[in-house]
Amino acid sequence: MKAESSKGARGTFSNFGFLMASVGSAVGLGNLWKFPYLTGTNGGGIFVLIYLCILLTVGFACILGEMTIGRFTKLNPIGAYKKIAEKYTFAGVIGVVVSFLIVTYYNIIGGWILKYLVSYLFGQSKVVSANSEMFFGNFISSAFEPIIWTFLFIVINLLILKAGVIKGIERASKFMMPLLFVLLIITAIRSVTLPGAFEGIKFFLKPDLSKLSMSTVSAALGQVFFSLSLGMGITITYGSYLSDSANLEKNAVMVPLFDTIAAILSGFAILPAVFAFGFDPSEGPGLIFVTLPSVFGSMPGGVIFGSLFFLLILFAAITSSLSLLEVPTSYLIDNKNWNRKNAVYVLSLIIFLISIPESLSNGIWQMKFFGMAFFDFVGYIAESVLMPLCGLLMCIVIGHVWGTDNAAEEITNYGTLEFKAKSYWSVLIKYIAPILIFGIWLNSTGILSLFGIV
Ligand code: PHE
């Protein structure tokens, strides 16, 4: 039977609030700077098709699994795993560690976005776009400036998070996410109506079967995982703030759906504009901080579109970093009895201190860790090693320890709601998802290439 819930003290999201907060976590840099290019270089429409297949299988299975653990236990990931499968408490520990590690460098990128937005708003866009590559390189490698912007970005997060789950996270997400979609649609319309935009659409979506390979599938799987913010306890934590009557199955469809709409809209917002002005597409920070400022520099009304664009990325980054920081925060509140404000202050301070050497490793601090700068090394450990591992353990725990029948009881709220996909979901979470995730883990850690397999 279900244990007594302690939700009064924890706060409960409204259903719309949960949806916006979860979509806010999911829609982030993965949608904006990774999905469009990944699609363009991996077979266009074919890649989108593979991505959707994985989303409807592994993505759906894992997001519903995490939500269910969260709502059943009403606890942070460590408390949650301890409650449903004590021997696997370490899976929760990994989740908390992953979100903590990611937020240390995610905030640095958040700081860069803030700097660019402020530059656009205060009439500095020409300075940014005149020689965008040099400008960006000089900025991120300088010692003090990025750290100051990171600090400001952390303060924004802190102010929202200390206000609580409802007054902070829910309220911010309900404001930022709808606006983000509106801004994304406006920029997409501007982009596809530019002369020469068609080349970009062709690059983005033209199906190219010859690009199809195992590594395409692996790339799609990795992207689904990152984009849905899986394997780091976020959905467990947000699920713990859901009311018992909320329909988990429906939410597990809606979040991936909105996330994918955002990813496809980003493709339309970015690639046609890049091609229309004769630039080469790329991915990652280079796309957002180097290519796009040049595009805005050549575009009539570029200052306005640049400002809107950096504002929308800022919203995407804030709602993602809030979700990351909420994971260790909820751990300190649940398990260590801290009050929320203290938890948020202390965590923000530690995170800021760790982000200093990370930021310096983009410039003056040249030490390498397995050939990587500290900034990239932390990213590798969190995203490539620990995140898939955490997802894999989640499938094992639900599928083979706690059991899909127990989970289904929670999903149906003890028989009061229908769970249409029950048998489909059970097979996915027991067998298909763990096998595929194990595959990406071998690939993303580099173990496969060590044996010369890919
Ligand atoms: N899901 C986010 C994206 O697509 C990234 C993210 C990862 C957010 C981890 C939070 C935590 O960009």
# chains A, B, ... in the order shown; residues from 1 in each chain; ligands from 1

call {"tool": "residues_near_ligand", "arguments": {"ligand": "ligand 1", "cutoff": "10 Å", "atoms": "only C-alpha atoms and all ligand atoms", "output": "PyMOL selection string"}}
result
chain A and resi 22-35+98-103+106+223-234+259-260+262-263+316-325+382-383+387

call {"tool": "residues_around", "arguments": {"residues": "segment 64-76 of chain A", "least_positions_apart": "5", "cutoff": "6 Å", "atoms": "only C-alpha atoms", "output": "ChimeraX atom specification"}}
result
/A:235-237,239-240,252,330-331

call {"tool": "residues_around", "arguments": {"residues": "Thr150 of chain A", "least_positions_apart": "4", "cutoff": "9 Å", "atoms": "only C-alpha atoms", "output": "list in words"}}
result
Asn107, Ile108, Ile109, Gly110, Gly111, Trp112, Leu114, Glu145, Pro146, Ile154, Val155, Phe352, Ser355, Ile356 and Ser359 of chain A

call {"tool": "closest_residue", "arguments": {"among": "A:Ser361, A:Ser142, A:Ser444, A:Ser266", "to": "Val182 of chain A", "atoms": "only C-alpha atoms"}}
result
A:Ser266

call {"tool": "closest_residue", "arguments": {"among": "A:Phe153, A:Phe315, A:Phe375, A:Tyr414", "to": "Ser141 of chain A", "atoms": "only C-alpha atoms"}}
result
A:Phe375
